[in-house]
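All remarks here apply to the structure that follows.
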Amino acid sequence: MALLATGCASTGTDAAAASSAKPSKASKCGLGNGKTATGPAIKLGAIVSDTPGLSFTDVTDMANAYFSCVNANGGINGRPVKLVVEKDALDPQLTASLATKLIDTEKIVGFTASSSVLDCSVNAKTYEKKAVYGIDAGLALDCFNSPAIAPINVGASYSALATAQYLLDKGAKKLVVFTSNTPGSNAINASIKELGKKAGVPVTAWVENVPIADANGLALKAAQAAGASGGVVVNLNAGEALKVFKAIEQQGLIDQAIWGCPAGCNDQSMLQQLGSAWDGKLGVNAEMNLASSPGPDNQLYLQLRRKYAPKTQLGNFGQLGFTAARIAVQALLSIKSGDYTTATVGAAFKGVKDYRSDLYCKPWYFGTQAFHTANNTTRTITPKSGQWAQTQDCSEMPALPNNNFAEIRAYEKQIGLG
C-alpha cells in the first residue's frame with residue numbers, strides 16, 4: 001500500500017465524530033518520514049491477560065502494529081520503540097512478578113497498552129511508588145483510581161454502566177446484569193445497582209464462570225429475570241457473549257427483553273455470526289468510533305491492522321491498542337532532550353492535555369488528579385444488515401455516588417475541555 005510506504009499517513013473526515021474531536025491534520029505514524037529508526041530501543045512495557053474465554057491480546061498486538069509503523073518512519077527522533085509484552089493468567093503473584101521484571105530487569109521507561117484484569121489492582125501502588133506511568137487500556141476499577149495510570153478507555157465497569165443506561169433510555173423498567181466471574185466482577189455489578197437505585201428500577205445481578213458451559217440455561221435465566229420490559233447487560237467478551245446470544249435466538253427469546261453488551265462485544269467476528277435476527281435488537285457500547293468510520297485515525301488503524309496484525313479482530317480492542325500507542329508516541333516525541341528515562345517519559349505522559357481523534361467523542365488527557373477517566377462519553381452501536389450502525393450518539397456516562405464523573409467533568413471545565 002502506497003500510504004504505508006510513504007509514512008503511513010491517512011487523510012479523511014468523519015461526519016459522525018463530535019466536532020471537538022476532529023483531527024486537524026492527517027494521521028501518520030510518528031514522524032512519518034519513511035526512514036528506519038536505528039540505535040538503542042526506547043522500551044515500554046505492557047501486561048495483558050490471556051486465558052481461555054478472556055483474552056485481550058488484540059490490544060497489545062495493535063499497539064505493536066503502530067510501533068512497527070513508527071519504527072519504519074523515523075521512530076522517536078531516530079530511535080526505535082520496543083514494546084515488551086508480558087502475559088498474565090489471573091494469577092496475582094505472576095502479575096506482580098511481571099511488573100517487577102519489566103521495571104527492574106527490562107528497564108522499561110513507561111507502560112502503554114496494558115490490558116490486564118489484575119495488573120492495576122496488584123501493581124498500581126508499585127507504579128506510583130516507583131514513578132513509572134502508564135497510558136493503558138484499563139479493565140478493573142483500580143486502573144481508574146491511580147495517579148500513575150491513565151486509561152484511554154472506559155473499562156469493563158463503566159462500559160457496562162453505559163450499556164445499562166442505554167437500556168434505561170430504551171425503556172427498560174428493570175435491569176439484569178451478569179458478568180464473567182473474575183476479579184472486579186462484584187464492583188461492576190455494584191455500579192449497575194447504583195444506577196438502578198438512581199433510576200428507581202430493580203436490579204438483578206450475578207457472576208458467571210467462563211468459558212460458559214450452559215449457554216441455553218443462562219439465556220433462559222436472564223430472560224426470566226428480566227421479565228416484561230426488562231433490560232439485560234450481557235457482560236462477557238465477544239466469544240462468550242456470542243454463545244449466549246445464539247442461545248437466546250434459538251429459544252425465541254430475542255423479543256423477551258432489551259439486550260445490551262459492553263464494549264467487548266464491539267467485534268466484527270461476533271457481528272458476522274449474529275445474523276439478521278439481531279438487527280436493531282442489541283445495543284453494544286462503543287468506547288471508540290465505528291470501525292467503518294472514514295476518519296483519518298480509524299483509516300490508519302485499518303491500514304496497520306491489514307499490514308501488521310491481520311489476525312486481530314476488527315473492532316474495539318484493536319482500536320484501543322492503536323490509540324494507546326499513538327498517544328504514547330505523541331508524548332515521547334515531545335521530549336526534546338533526547339533523554340528517555342522514567343522521569344522524562346512520565347512527565348511527557350502526564351503532559352498530554354488535549355489529544356484529539358476521530359475515534360473519540362471528546363479530547364483525551366492524562367490529568368493531574370489521582371483518578372482518571374478522560375474517556376467518559378461513549379456511543380452505542382447495533383447490528384444492521386451485517387454491519388455495525390450507530391444507534392445512540394455520543395452520550396455521557398451517568399455520574400453516581402460510586403464514581404468520579406461529577407468531579408472529572410468539573411475538572412475538564414477547569415482545563416478548558418468541558
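Here's how to read the names in the C-alpha cells: chain A, B, ... by the order shown, residue numbers from 1 in each chain, ligand numbers from 1 in the order shown.
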
Find the residues around Thr38 in chain A up to 8 Å (only C-alpha atoms counted), leave out those fewer than 4 positions away in its own chain, and share them as a PDB file with N, CA and C atoms, in the first residue's frame.
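Written out: around_8.pdb:
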```pdb
ATOM      1  N   GLY A  78      14.516   9.280  15.553  1.00  0.00           N
ATOM      2  CA  GLY A  78      15.554   8.387  15.040  1.00  0.00           C
ATOM      3  C   GLY A  78      15.721   7.082  15.788  1.00  0.00           C
ATOM      4  N   ARG A  79      15.207   6.988  17.007  1.00  0.00           N
ATOM      5  CA  ARG A  79      15.358   5.770  17.801  1.00  0.00           C
ATOM      6  C   ARG A  79      14.081   4.931  17.759  1.00  0.00           C
ATOM      7  N   PRO A  80      14.209   3.614  17.693  1.00  0.00           N
ATOM      8  CA  PRO A  80      13.022   2.756  17.662  1.00  0.00           C
ATOM      9  C   PRO A  80      12.367   2.625  19.034  1.00  0.00           C
TER      10      PRO A  80
END
```

With only C-alpha atoms as the counted atoms, please give the residues lying no more than 12 Å from Ala238 in chain A, apart from itself and same-chain residues fewer than 5 positions off, as an MDAnalysis selection string. chainID A and resid 53:56 180 210:212 243:246 261:274 284 313:317

Just want the 10 Å neighbourhood of Ser121 in chain A, counted on only C-alpha atoms, with same-chain residues fewer than 5 positions away dropped. Output as a PyMOL selection string. chain A and resi 92+95-96+116+139-143+145-146+183-184

Would you pick out the contacts of Ala331 in chain A at 12 Å or less, using only C-alpha atoms, so that residues sharing its chain but fewer than 5 positions from it are not included, and give the list as a list of chain:residue names?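 Surrounding residues, per the criterion: A:Gly30, A:Ile76, A:Gly110, A:Thr112, A:Tyr133, A:Gly134, A:Ile135, A:Ala324, A:Ala325, A:Arg326, A:Lys336, A:Tyr340, A:Thr344, A:Val345, A:Gly346, A:Ala347, A:Ala348, A:Phe349, A:Lys350, A:Gly351, A:Val352, A:Lys353, A:Asp354, A:Tyr355, A:Tyr365, A:Phe366.
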
Nearest to Ile381 in chain A: which of A:Lys130, A:Lys362, A:Lys281, A:Arg356 is it, counting only C-alpha atoms?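 Smallest distance to Ile381 in chain A is found for A:Lys281.
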
Among range 137-349 of chain A, which residues does DSSP mark as alpha helix (DSSP H) when it is run on the backbone? Keep the chain and numbering as in the structure and answer as a ChimeraX atom specification. /A:155-169,185-199,215-226,238-250,268-274,296-308,316-333,342-349

Which residue out of A:Val48, A:Asn289, A:Lys87, A:Thr382 has the minimum interatomic distance to Val117 in chain A when only C-alpha atoms are used? A:Val48

Give me every strand (DSSP E) residue in range 321-416 of chain A, going by DSSP on the backbone, as a ChimeraX atom specification. /A:377-384,387-396

Can those selected residues be exported to a file as a CSV table (one decimal), in the first residue's frame so that it contains N, CA and C atoms?
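Heads up, here's the output in out.csv:
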```csv
chain,number,residue,atom,x,y,z
A,377,THR,N,-17.4,9.5,27.7
A,377,THR,CA,-18.5,9.8,26.8
A,377,THR,C,-18.4,8.8,25.7
A,378,THR,N,-19.4,7.9,25.5
A,378,THR,CA,-19.3,6.8,24.5
A,378,THR,C,-20.5,6.8,23.6
A,379,ARG,N,-20.5,6.0,22.6
A,379,ARG,CA,-21.6,5.7,21.7
A,379,ARG,C,-22.2,4.4,22.0
A,380,THR,N,-23.3,4.1,21.3
A,380,THR,CA,-23.9,2.8,21.3
A,380,THR,C,-24.2,2.4,19.9
A,381,ILE,N,-23.8,1.1,19.5
A,381,ILE,CA,-24.0,0.6,18.2
A,381,ILE,C,-24.9,-0.6,18.2
A,382,THR,N,-25.4,-1.0,17.0
A,382,THR,CA,-26.3,-2.1,16.9
A,382,THR,C,-26.1,-2.8,15.6
A,383,PRO,N,-26.3,-4.1,15.5
A,383,PRO,CA,-26.2,-4.8,14.2
A,383,PRO,C,-27.2,-4.3,13.2
A,384,LYS,N,-26.8,-4.1,11.9
A,384,LYS,CA,-27.8,-3.7,10.9
A,384,LYS,C,-27.2,-4.1,9.5
A,387,GLN,N,-23.6,-5.1,9.3
A,387,GLN,CA,-22.6,-4.1,9.8
A,387,GLN,C,-23.0,-3.5,11.1
A,388,TRP,N,-22.0,-2.9,11.8
A,388,TRP,CA,-22.4,-2.1,13.0
A,388,TRP,C,-22.9,-0.8,12.6
A,389,ALA,N,-24.0,-0.3,13.2
A,389,ALA,CA,-24.5,1.0,12.9
A,389,ALA,C,-24.7,1.7,14.2
A,390,GLN,N,-24.5,3.0,14.2
A,390,GLN,CA,-24.6,3.8,15.5
A,390,GLN,C,-26.1,4.0,15.7
A,391,THR,N,-26.5,3.6,16.9
A,391,THR,CA,-27.9,3.7,17.3
A,391,THR,C,-28.1,4.8,18.4
A,392,GLN,N,-27.0,5.2,19.1
A,392,GLN,CA,-27.1,6.3,20.0
A,392,GLN,C,-25.8,7.1,19.9
A,393,ASP,N,-25.9,8.4,19.7
A,393,ASP,CA,-24.7,9.3,19.5
A,393,ASP,C,-24.0,9.4,20.9
A,394,CYS,N,-22.8,10.1,20.8
A,394,CYS,CA,-22.0,10.3,22.0
A,394,CYS,C,-22.8,10.7,23.2
A,395,SER,N,-22.8,10.0,24.3
A,395,SER,CA,-23.6,10.2,25.5
A,395,SER,C,-22.7,10.1,26.7
A,396,GLU,N,-22.9,11.0,27.7
A,396,GLU,CA,-22.1,10.9,28.9
A,396,GLU,C,-22.6,9.8,29.8
```

Could you check the closest approach to Ala26 in chain A for each of A:Ala241, A:Ile258, A:Ala399, A:Leu300 and tell me which residue wins, using only C-alpha atoms?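 Once distances to Ala26 in chain A are computed over only C-alpha atoms, the minimum belongs to A:Leu300.
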
Contacts of Leu320 in chain A at 10 Å or less, counting only C-alpha atoms, minus same-chain residues fewer than 4 places along, as a list of chain:residue names? A:Asp58, A:Val59, A:Thr60, A:Met62, A:Ala63, A:Ala113, A:Ser115, A:Asp136, A:Ala137, A:Pro151, A:Ile152, A:Asn153, A:Glu287, A:Met288, A:Tyr301, A:Gly315, A:Asn316, A:Ala324, A:Ala325, A:Arg326, A:Leu359

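Atom pair CA of Ala190 in chain A / CA of Glu128 in chain A has a distance of 26.7 Å (rounded to one decimal).
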
I want to know what sits within 8 Å of Asp297 in chain A, based on only C-alpha atoms, with residues of the same chain fewer than 6 positions away left out; could you give that as a ChimeraX atom specification? /A:10,27,357-359

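Among the candidate residues A:Ala150, A:Ile408, A:Ala172, A:Ala131, the one lying nearest to Ile108 in chain A is A:Ala131, with distances computed using only C-alpha atoms.
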
Minimum-distance residue to Tyr166 in chain A, chosen among A:Gln414, A:Gln93, A:Asn285, A:Asn375 (using only C-alpha atoms):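 Comparing A:Gln414, A:Gln93, A:Asn285, A:Asn375 against Tyr166 in chain A, the winner is A:Asn285.
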
Using only C-alpha atoms, which of A:Val132, A:Gln330, A:Gly386, A:Gly418 sits nearest Thr342 in chain A?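 For Thr342 in chain A, the nearest of the candidates is A:Val132.
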